[in-house]
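Chemist: Handing over protein_17.txt, compact mmCIF, C-alpha atoms.
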```
# COMPACT_ATOMS: atom_id res chain seq x y z
CA MET A 1 83.08 -88.51 -26.75
CA ARG A 2 80.92 -91.62 -26.89
CA GLU A 3 78.19 -89.66 -28.66
CA ILE A 4 80.65 -88.56 -31.32
CA ILE A 5 81.96 -92.10 -31.74
CA ASN A 6 78.40 -93.34 -32.31
CA ASP A 7 77.41 -90.34 -34.39
CA ILE A 8 80.41 -90.22 -36.71
CA ASN A 9 78.44 -91.08 -39.85
CA ASN A 10 76.07 -88.13 -39.32
CA LEU A 11 79.01 -85.85 -38.63
CA LYS A 12 80.62 -86.99 -41.88
CA ASN A 13 77.60 -85.78 -43.83
CA SER A 14 77.31 -82.52 -41.94
CA SER A 15 78.75 -79.49 -43.71
CA LYS A 16 78.66 -77.33 -40.56
CA ILE A 17 81.23 -79.14 -38.45
CA LYS A 18 84.37 -77.28 -37.55
CA ILE A 19 87.34 -79.54 -37.17
CA PRO A 20 91.07 -78.90 -37.68
CA LYS A 21 92.47 -80.37 -40.88
CA ASN A 22 95.29 -81.96 -38.87
CA ILE A 23 95.26 -83.20 -35.29
CA TYR A 24 98.61 -83.64 -33.55
CA ILE A 25 99.00 -85.65 -30.36
CA VAL A 26 102.31 -86.43 -28.68
CA ALA A 27 101.90 -89.16 -26.08
CA SER A 28 103.73 -91.86 -24.22
CA ASN A 29 101.21 -94.23 -22.68
CA ASN A 30 98.64 -91.86 -21.26
CA LEU A 31 95.71 -92.32 -23.66
CA SER A 32 92.63 -94.12 -22.36
CA LYS A 33 90.70 -96.67 -24.41
CA LEU A 34 87.94 -94.09 -24.87
CA GLN A 35 90.39 -91.48 -26.19
CA ILE A 36 91.95 -93.99 -28.59
CA SER A 37 88.48 -94.94 -29.92
CA PHE A 38 87.52 -91.27 -30.18
CA TYR A 39 90.57 -90.22 -32.17
CA SER A 40 90.46 -93.38 -34.30
CA LYS A 41 86.87 -92.55 -35.28
CA LEU A 42 87.75 -88.90 -35.80
CA SER A 43 90.41 -90.00 -38.30
CA GLU A 44 87.51 -90.74 -40.65
CA LEU A 45 86.85 -86.99 -40.75
CA THR A 46 90.35 -85.54 -40.63
CA ASN A 47 94.05 -86.41 -40.40
CA VAL A 48 94.96 -87.59 -36.93
CA ASN A 49 98.69 -87.82 -36.22
CA ILE A 50 99.70 -89.58 -33.04
CA TYR A 51 103.37 -89.54 -32.03
CA LEU A 52 104.15 -92.21 -29.47
CA LEU A 53 107.33 -92.31 -27.48
CA SER A 54 107.99 -95.98 -26.91
CA PRO A 55 111.00 -97.64 -25.27
CA GLY A 56 111.21 -100.52 -27.71
CA HIS A 57 109.99 -102.22 -30.85
CA ASP A 58 107.39 -105.03 -30.62
CA LEU A 59 107.30 -104.84 -26.85
CA TRP A 60 104.08 -106.78 -26.39
CA ASP A 61 105.27 -109.72 -28.48
CA ARG A 62 108.63 -109.77 -26.75
CA ILE A 63 107.08 -109.73 -23.29
CA ASN A 64 104.14 -112.05 -23.82
CA ILE A 65 105.39 -114.73 -26.15
CA GLU A 66 107.91 -117.29 -24.99
CA ASP A 67 110.16 -119.13 -27.38
CA GLY A 68 109.92 -122.89 -27.69
CA ALA A 69 107.25 -125.42 -26.81
CA ILE A 70 104.94 -124.61 -23.93
CA SER A 71 104.63 -127.29 -21.31
CA LEU A 72 102.18 -127.24 -18.43
CA ASP A 73 103.82 -130.24 -16.78
CA ASN A 74 105.95 -129.47 -13.76
CA TYR A 75 104.62 -125.91 -13.74
CA ASN A 76 106.55 -123.98 -11.14
CA LYS A 77 105.07 -120.55 -10.45
CA LYS A 78 108.11 -119.32 -8.54
CA GLN A 79 110.48 -120.31 -11.32
CA TYR A 80 108.15 -118.70 -13.85
CA LEU A 81 108.21 -115.41 -11.94
CA LEU A 82 111.99 -115.56 -11.64
CA ASN A 83 112.23 -115.90 -15.41
CA GLU A 84 110.57 -112.49 -15.86
CA SER A 85 112.97 -110.12 -17.58
CA ILE A 86 113.64 -106.54 -16.48
CA GLU A 87 111.92 -105.45 -19.67
CA SER A 88 108.76 -107.36 -18.81
CA ILE A 89 108.66 -105.73 -15.37
CA PHE A 90 109.25 -102.13 -16.46
CA CYS A 91 107.63 -102.17 -19.90
CA LYS A 92 104.50 -104.22 -19.22
CA PHE A 93 102.27 -101.16 -18.97
CA ILE A 94 103.41 -99.54 -22.20
CA ALA A 95 103.34 -102.90 -24.00
CA ASN A 96 99.70 -103.37 -22.99
CA PHE A 97 98.97 -99.79 -24.08
CA GLU A 98 100.48 -100.43 -27.52
CA LYS A 99 98.41 -103.62 -27.83
CA LEU A 100 95.31 -101.62 -26.89
CA ILE A 101 95.93 -99.20 -29.78
CA GLU A 102 96.45 -102.08 -32.17
CA GLU A 103 93.27 -103.86 -31.07
CA THR A 104 91.15 -100.70 -31.08
CA THR A 105 92.12 -99.71 -34.62
CA PHE A 106 91.58 -103.32 -35.73
CA ASN A 107 88.12 -103.58 -34.11
CA GLU A 108 87.01 -100.19 -35.39
CA GLU A 109 88.27 -101.11 -38.88
CA ILE A 110 90.24 -97.89 -39.13
CA LYS A 111 92.65 -97.17 -41.97
CA VAL A 112 95.90 -96.71 -40.16
CA ASN A 113 99.38 -95.81 -41.30
CA ILE A 114 101.93 -96.95 -38.73
CA GLN A 115 105.56 -95.86 -38.94
CA LEU A 116 108.03 -97.51 -36.58
CA PRO A 117 111.39 -95.73 -36.85
CA PHE A 118 113.23 -97.35 -33.95
CA ILE A 119 116.92 -96.57 -33.67
CA ASP A 120 119.35 -98.63 -31.62
CA PRO A 121 120.70 -96.03 -29.15
CA THR A 122 123.88 -98.04 -28.57
CA ILE A 123 124.92 -98.20 -32.20
CA ASN A 124 127.12 -95.06 -32.18
CA LEU A 125 129.61 -96.33 -29.66
CA LYS A 126 129.44 -100.06 -30.42
CA LYS A 127 131.95 -99.71 -33.24
CA ASN A 128 134.41 -97.77 -31.05
CA HIS A 129 134.16 -100.34 -28.21
CA LYS A 130 133.59 -97.51 -25.75
CA SER A 131 131.49 -97.90 -22.65
CA LEU A 132 127.93 -96.64 -22.95
CA LEU A 133 126.35 -94.52 -20.22
CA LEU A 134 123.46 -96.99 -20.11
CA HIS A 135 125.82 -99.91 -19.44
CA GLN A 136 127.74 -97.91 -16.84
CA ILE A 137 124.52 -97.15 -14.96
CA GLN A 138 123.44 -100.80 -15.20
CA LYS A 139 126.79 -101.95 -13.75
CA SER A 140 126.65 -99.32 -11.05
CA LEU A 141 123.21 -100.55 -10.00
CA ILE A 142 124.26 -104.19 -9.98
CA TYR A 143 127.50 -103.62 -8.00
CA ASN A 144 125.93 -100.83 -5.90
CA ASN A 145 128.94 -98.51 -6.13
CA ASN A 146 129.36 -94.77 -6.65
CA GLN A 147 131.81 -94.72 -9.51
CA ASN A 148 131.93 -91.69 -11.81
CA PHE A 149 130.38 -91.98 -15.22
CA ASN A 150 132.25 -91.23 -18.44
CA ILE A 151 129.91 -89.64 -20.94
CA GLU A 152 130.95 -89.53 -24.57
CA ASP A 153 129.59 -86.72 -26.76
CA ASN A 154 127.90 -89.09 -29.17
CA ASP A 155 126.48 -91.40 -26.52
CA GLU A 156 122.73 -91.60 -27.11
CA SER A 157 122.00 -94.57 -24.92
CA ILE A 158 119.95 -92.40 -22.57
CA ILE A 159 117.68 -89.68 -23.89
CA PHE A 160 118.18 -87.13 -21.14
CA ARG A 161 121.87 -87.82 -20.51
CA ASP A 162 122.62 -84.22 -19.51
CA VAL A 163 120.72 -84.61 -16.26
CA LYS A 164 123.09 -84.31 -13.29
CA ILE A 165 123.53 -87.50 -11.34
CA PHE A 166 124.02 -86.82 -7.65
CA MET B 1 93.49 -91.08 -41.94
CA LEU B 2 95.12 -92.18 -38.70
CA ASN B 3 98.91 -91.85 -38.73
CA ILE B 4 100.83 -93.38 -35.85
CA TYR B 5 104.54 -92.74 -35.44
CA LYS B 6 106.08 -94.97 -32.82
CA THR B 7 109.70 -94.35 -31.94
CA ASN B 8 112.22 -94.42 -29.12
CA LYS B 9 113.75 -91.06 -30.18
CA ILE B 10 112.05 -87.89 -28.99
CA GLU B 11 114.29 -85.91 -31.37
CA LEU B 12 112.73 -87.83 -34.24
CA ILE B 13 109.22 -86.99 -33.03
CA SER B 14 110.04 -83.28 -32.89
CA GLU B 15 111.64 -83.44 -36.33
CA VAL B 16 108.71 -85.24 -37.96
CA LEU B 17 106.26 -82.88 -36.25
CA ALA B 18 108.19 -79.81 -37.42
CA LYS B 19 108.31 -81.13 -41.01
CA GLU B 20 104.62 -82.01 -40.90
CA ILE B 21 103.73 -78.45 -39.83
CA LEU B 22 105.98 -77.06 -42.55
CA ILE B 23 104.39 -79.23 -45.26
CA ASN B 24 100.81 -78.77 -44.04
CA PRO B 25 100.78 -75.31 -42.48
CA PRO B 26 97.59 -74.12 -40.80
CA PHE B 27 95.51 -71.43 -42.42
CA ILE B 28 96.91 -67.94 -41.78
CA THR B 29 94.24 -67.07 -39.23
CA ASP B 30 94.15 -70.51 -37.60
CA ASN B 31 95.68 -71.20 -34.24
CA LEU B 32 97.55 -74.50 -34.46
CA LYS B 33 97.03 -76.62 -31.37
CA ILE B 34 99.17 -79.59 -30.41
CA SER B 35 98.32 -81.92 -27.58
CA ILE B 36 101.20 -82.81 -25.26
CA GLN B 37 100.55 -84.00 -21.73
CA ASN B 38 103.76 -82.75 -20.15
CA TYR B 39 104.36 -78.99 -19.83
CA PHE B 40 108.17 -79.18 -19.97
CA LEU B 41 108.11 -81.53 -22.94
CA SER B 42 105.79 -79.11 -24.75
CA LYS B 43 108.24 -76.25 -24.10
CA TRP B 44 111.11 -78.36 -25.45
CA ILE B 45 109.17 -79.44 -28.56
CA LYS B 46 108.13 -75.83 -29.17
CA ASP B 47 111.81 -74.81 -29.15
CA GLN B 48 112.73 -77.69 -31.45
CA ILE B 49 110.02 -76.74 -33.96
CA THR B 50 111.27 -73.13 -33.89
CA LEU B 51 114.87 -74.26 -34.45
CA LYS B 52 113.97 -76.57 -37.30
CA ASN B 53 111.45 -74.35 -39.10
CA ASP B 54 113.04 -71.00 -38.17
CA ILE B 55 109.59 -69.81 -37.15
CA ASN B 56 106.88 -71.12 -34.88
CA ALA B 57 104.04 -68.65 -34.74
CA LEU B 58 100.47 -69.34 -33.65
CA CYS B 59 101.35 -72.67 -32.11
CA GLU B 60 99.66 -73.55 -28.84
CA PHE B 61 100.14 -76.59 -26.62
CA GLN B 62 97.36 -78.17 -24.59
CA THR B 63 96.88 -81.23 -22.46
CA LEU B 64 94.90 -84.01 -24.07
CA ALA B 65 91.90 -83.38 -21.81
CA GLU B 66 91.76 -79.67 -22.73
CA TYR B 67 92.34 -80.42 -26.39
CA THR B 68 89.61 -83.09 -26.50
CA GLU B 69 87.13 -80.89 -24.64
CA GLU B 70 87.62 -78.05 -27.11
CA LEU B 71 87.28 -80.43 -30.03
CA VAL B 72 83.98 -81.82 -28.71
CA ARG B 73 82.68 -78.27 -28.11
CA ASN B 74 83.51 -77.31 -31.71
CA LEU B 75 81.87 -80.43 -33.09
CA TYR B 76 78.65 -79.73 -31.19
CA LYS B 77 78.71 -75.97 -31.47
CA ASP B 78 74.95 -75.66 -31.88
CA GLN B 79 74.21 -77.61 -28.71
CA LYS B 80 75.11 -76.54 -25.23
CA VAL B 81 77.62 -79.12 -24.13
CA LYS B 82 78.12 -78.95 -20.40
CA SER B 83 81.62 -80.07 -19.77
CA TRP B 84 82.47 -82.59 -17.12
CA ASN B 85 85.86 -81.09 -16.54
CA PHE B 86 87.78 -81.17 -13.26
CA GLU B 87 86.67 -77.73 -12.01
CA SER B 88 82.97 -78.18 -12.75
CA ILE B 89 82.94 -81.65 -11.13
CA LYS B 90 84.73 -80.28 -8.07
CA TRP B 91 82.23 -77.46 -7.50
CA SER B 92 79.27 -79.78 -8.13
CA ILE B 93 80.62 -82.15 -5.47
CA ILE B 94 80.95 -79.25 -3.01
CA GLU B 95 77.35 -78.24 -3.75
CA SER B 96 76.11 -81.84 -3.38
CA PHE B 97 78.15 -82.76 -0.31
CA GLU B 98 75.47 -81.89 2.25
CA GLU B 99 72.72 -83.67 0.28
CA LEU B 100 74.91 -86.79 0.05
CA GLY B 101 74.73 -87.00 3.84
CA GLU B 102 70.97 -87.63 3.63
CA PHE B 103 71.63 -91.07 2.13
CA LYS B 104 72.48 -93.85 4.55
CA GLU B 105 74.95 -95.28 1.98
CA SER B 106 77.19 -92.26 2.61
CA TRP B 107 78.40 -93.73 5.96
CA PRO B 108 82.09 -93.94 4.91
CA LEU B 109 82.11 -90.14 4.47
CA ILE B 110 79.73 -89.19 7.27
CA ASN B 111 82.43 -87.70 9.56
CA TRP B 112 83.56 -85.28 6.88
CA ILE B 113 79.98 -84.45 5.85
CA ASN B 114 79.02 -83.68 9.48
CA LYS B 115 82.16 -81.57 9.87
CA PHE B 116 81.25 -79.67 6.70
CA ILE B 117 77.70 -79.01 7.96
CA ASN B 118 78.87 -78.06 11.46
CA ASN B 119 81.39 -75.63 9.93
CA LYS B 120 78.42 -73.81 8.30
CA LYS B 121 79.52 -75.25 4.95
CA ILE B 122 82.88 -73.54 5.11
CA LEU B 123 85.54 -75.65 3.42
CA ASP B 124 88.58 -76.38 5.51
CA SER B 125 91.77 -77.82 4.01
CA GLU B 126 90.94 -81.37 5.07
CA ILE B 127 87.51 -81.42 3.39
CA TYR B 128 88.83 -79.60 0.37
CA GLU B 129 91.60 -82.21 0.00
CA LEU B 130 89.00 -84.99 0.24
CA ILE B 131 86.83 -83.34 -2.43
CA LEU B 132 89.85 -82.93 -4.71
CA ARG B 133 90.57 -86.63 -4.37
CA ILE B 134 86.96 -87.58 -5.11
CA THR B 135 87.02 -85.27 -8.15
CA LYS B 136 90.17 -86.95 -9.42
CA VAL B 137 88.53 -90.37 -9.04
CA PHE B 138 85.40 -89.23 -10.91
CA SER B 139 87.48 -87.62 -13.69
CA ASP B 140 89.39 -90.87 -14.07
CA TYR B 141 86.15 -92.89 -14.12
CA ILE B 142 84.86 -90.75 -17.00
CA LEU B 143 88.03 -91.34 -18.98
CA TYR B 144 88.95 -94.89 -18.03
CA ARG B 145 85.62 -96.45 -16.96
CA PRO B 146 83.10 -94.93 -19.40
CA GLU B 147 80.94 -98.11 -19.40
CA MET B 148 80.40 -97.80 -15.64
CA ILE B 149 79.56 -94.10 -15.90
CA GLU B 150 77.11 -94.83 -18.72
CA LYS B 151 75.44 -97.50 -16.57
CA TRP B 152 75.09 -95.03 -13.67
CA HIS B 153 73.74 -92.44 -16.10
CA ASN B 154 71.06 -94.84 -17.39
CA THR B 155 69.97 -96.10 -13.95
CA GLU B 156 67.56 -94.21 -11.67
CA LEU B 157 68.73 -93.07 -8.25
CA LYS B 158 66.20 -95.26 -6.44
CA ASN B 159 66.99 -98.34 -8.51
CA SER B 160 69.05 -100.93 -6.60
CA ASN B 161 70.83 -101.89 -9.85
CA LEU B 162 72.80 -98.68 -9.40
CA PHE B 163 74.97 -100.50 -6.87
CA SER B 164 75.62 -103.70 -8.80
CA GLY B 165 79.25 -104.72 -8.92
CA LEU B 166 80.24 -102.42 -6.06
CA ASN B 167 81.27 -103.06 -2.47
CA LYS B 168 79.00 -101.64 0.25
CA ASP B 169 81.53 -98.94 1.14
CA GLN B 170 81.44 -97.75 -2.48
CA TYR B 171 77.64 -97.28 -2.74
CA TRP B 172 77.98 -93.52 -2.13
CA GLN B 173 79.84 -93.11 -5.42
CA PRO B 174 76.94 -93.70 -7.86
CA ILE B 175 74.68 -91.66 -5.54
CA LEU B 176 77.10 -88.74 -5.67
CA PHE B 177 77.34 -89.16 -9.43
CA LYS B 178 73.52 -88.91 -9.74
CA LEU B 179 73.51 -85.77 -7.54
CA ILE B 180 76.25 -84.17 -9.66
CA GLU B 181 74.38 -85.15 -12.82
CA ARG B 182 71.29 -83.40 -11.50
CA LYS B 183 73.35 -80.23 -10.98
CA PHE B 184 74.58 -80.40 -14.58
CA LYS B 185 71.04 -80.67 -15.88
```
So, in terms of structure tokens, how does the structure I just supplied come out?
Modeler:
Amino acid sequence: MREIINDINNLKNSSKIKIPKNIYIVASNNLSKLQISFYSKLSELTNVNIYLLSPGHDLWDRINIEDGAISLDNYNKKQYLLNESIESIFCKFIANFEKLIEETTFNEEIKVNIQLPFIDPTINLKKNHKSLLLHQIQKSLIYNNNQNFNIEDNDESIIFRDVKIF
Amino acid sequence: MLNIYKTNKIELISEVLAKEILINPPFITDNLKISIQNYFLSKWIKDQITLKNDINALCEFQTLAEYTEELVRNLYKDQKVKSWNFESIKWSIIESFEELGEFKESWPLINWINKFINNKKILDSEIYELILRITKVFSDYILYRPEMIEKWHNTELKNSNLFSGLNKDQYWQPILFKLIERKFK
């Protein structure tokens, strides 16, 4: 892979290379830095389409940038850790992965077309004031009870909502 | 061109993918390959493409490692590219296991190596499990620590620089890498 990354200009001029005219990759956060560099470079030879399943929009910025003025006076590590949101705990890995893609394409000076069609999964039921499955599960976890869940047909707050909950 | 579609809806991914295949269909004799890491997700996406396009012929799903390996082989068709895939690394480790015992740096593994030699090089489940784990570590190094692997590749076996940045109980790793590399040559 590294040889191809370094040798991409020669490959561009070669008429013999056999490469698909479209490359399709569906991923969540499982690409290594080497693979991202490889497919970024390969996009100079062919169309590379990467479909990333991501839990949220602008995760890295949301997790790593705090609002307001930063003060190092009275720095309390314990308080700082307590301020960590659930999102920053569970989404840190994927946020770093998304930043890695952004930095790699920037450093390699790759022409990139990024589409970010994020859809609020709670929007369907917000208007009806009905309880979302996601909120019911959150409440159940907080209060540690075994209440039954009401699942509406158009509830999309959890992707795999048809999974049986024991 | 690099196109990245980032979304929280898997249905949207399958829809965009199905449309993309419909708009840019592969050549009639081509086998369209799509890389998806998860087997069950690939089955689901295959069904979704069939539902949306009414047809889904000649469409094959591979893991990213398989897909990348095939791509590299096609790009360097003239040259013999020996693949460092999981199976070939595993069998090279088995072949090099006895030789590894000749190096004093192999002390963390010496019990297993001696057991392997005493068993007349017959693999029992315990040694096989160990070798599988080492193979997994080496496969991950190749993917996630390519700089370290390149450094090992460029350093001679007798050179003490081979061990720089490692703890003493990890010295056997670059040695084993050099032995495997010799097998690949």
Chemist: Show me which bits of chain B are within 10 Å of chain A, counting only C-alpha atoms, as a count of residues only.
Modeler: 58
Chemist: Have a look at CA of Lys136 in chain B and CA of Gln173 in chain B and let me know their distance in Å, one decimal.
Modeler: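 These two atoms are separated by 12.7 Å.
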Chemist: Could you work out how far CA of Ile110 in chain B lies from CA of Phe177 in chain B, giving the answer in Å with one decimal?
Modeler: 16.9 Å
Chemist: Could you tell me how far CA of Val137 in chain B lies from CA of Glu102 in chain A, in Å and to one decimal?
Modeler: 27.1 Å
Chemist: Tell me which residues come within 10 Å of (104.1, -68.9, -30.8), as an mmCIF file with C-alpha atoms, in the coordinates of the input, counting only C-alpha atoms in the file's coordinates.
Modeler:
```
data_model
loop_
_atom_site.group_PDB
_atom_site.id
_atom_site.type_symbol
_atom_site.label_atom_id
_atom_site.label_comp_id
_atom_site.auth_asym_id
_atom_site.auth_seq_id
_atom_site.Cartn_x
_atom_site.Cartn_y
_atom_site.Cartn_z
ATOM 1 C CA ASN B 31 95.680 -71.200 -34.240
ATOM 2 C CA LEU B 32 97.550 -74.500 -34.460
ATOM 3 C CA LYS B 46 108.130 -75.830 -29.170
ATOM 4 C CA ASP B 47 111.810 -74.810 -29.150
ATOM 5 C CA THR B 50 111.270 -73.130 -33.890
ATOM 6 C CA ILE B 55 109.590 -69.810 -37.150
ATOM 7 C CA ASN B 56 106.880 -71.120 -34.880
ATOM 8 C CA ALA B 57 104.040 -68.650 -34.740
ATOM 9 C CA LEU B 58 100.470 -69.340 -33.650
ATOM 10 C CA CYS B 59 101.350 -72.670 -32.110
ATOM 11 C CA GLU B 60 99.660 -73.550 -28.840
ATOM 12 C CA PHE B 61 100.140 -76.590 -26.620
#
```
Chemist: With only C-alpha atoms as the basis for distance, which of B:Ile113, B:Ile131, B:Leu22, B:Ile89 is at the shortest distance from Leu179 in chain B?
Modeler: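 Between B:Ile113, B:Ile131, B:Leu22, B:Ile89, the residue approaching Leu179 in chain B most closely is B:Ile89.
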Chemist: Need the shell around Lys52 in chain B: protein/DNA/RNA residues with any atom at most 9 Å away, counting all atoms listed in the file. Skip same-chain ones fewer than 6 positions apart. Format as a list in words?
Modeler: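 Listing them by chain and then by number gives Ser14, Glu15, Ala18 and Lys19 of chain B.
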Chemist: Write the residues of the preceding selection, restricted to C-alpha atoms, as a compact mmCIF listing (two decimals), in the frame of the given file.
Modeler:
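Saved to result-v2.txt:
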```
# COMPACT_ATOMS: atom_id res chain seq x y z
CA SER B 14 110.04 -83.28 -32.89
CA GLU B 15 111.64 -83.44 -36.33
CA ALA B 18 108.19 -79.81 -37.42
CA LYS B 19 108.31 -81.13 -41.01
```
Chemist: Determine, counting all atoms listed in the file, which protein, DNA and RNA residues have an atom within 9 Å of an atom of range 117-130 of chain B; residues of the same chain fewer than 5 positions away are not included. Present the result as a PyMOL selection string.
Modeler: chain B and resi 94+98+112+135
Chemist: At a cut-off of 12 Å from (84.2, -92.1, 4.9) in the coordinates of the file, what residues are picked up using only C-alpha atoms, written as a ChimeraX atom specification?
Modeler: /B:100-101,104-115,127,130-131,134,168-173
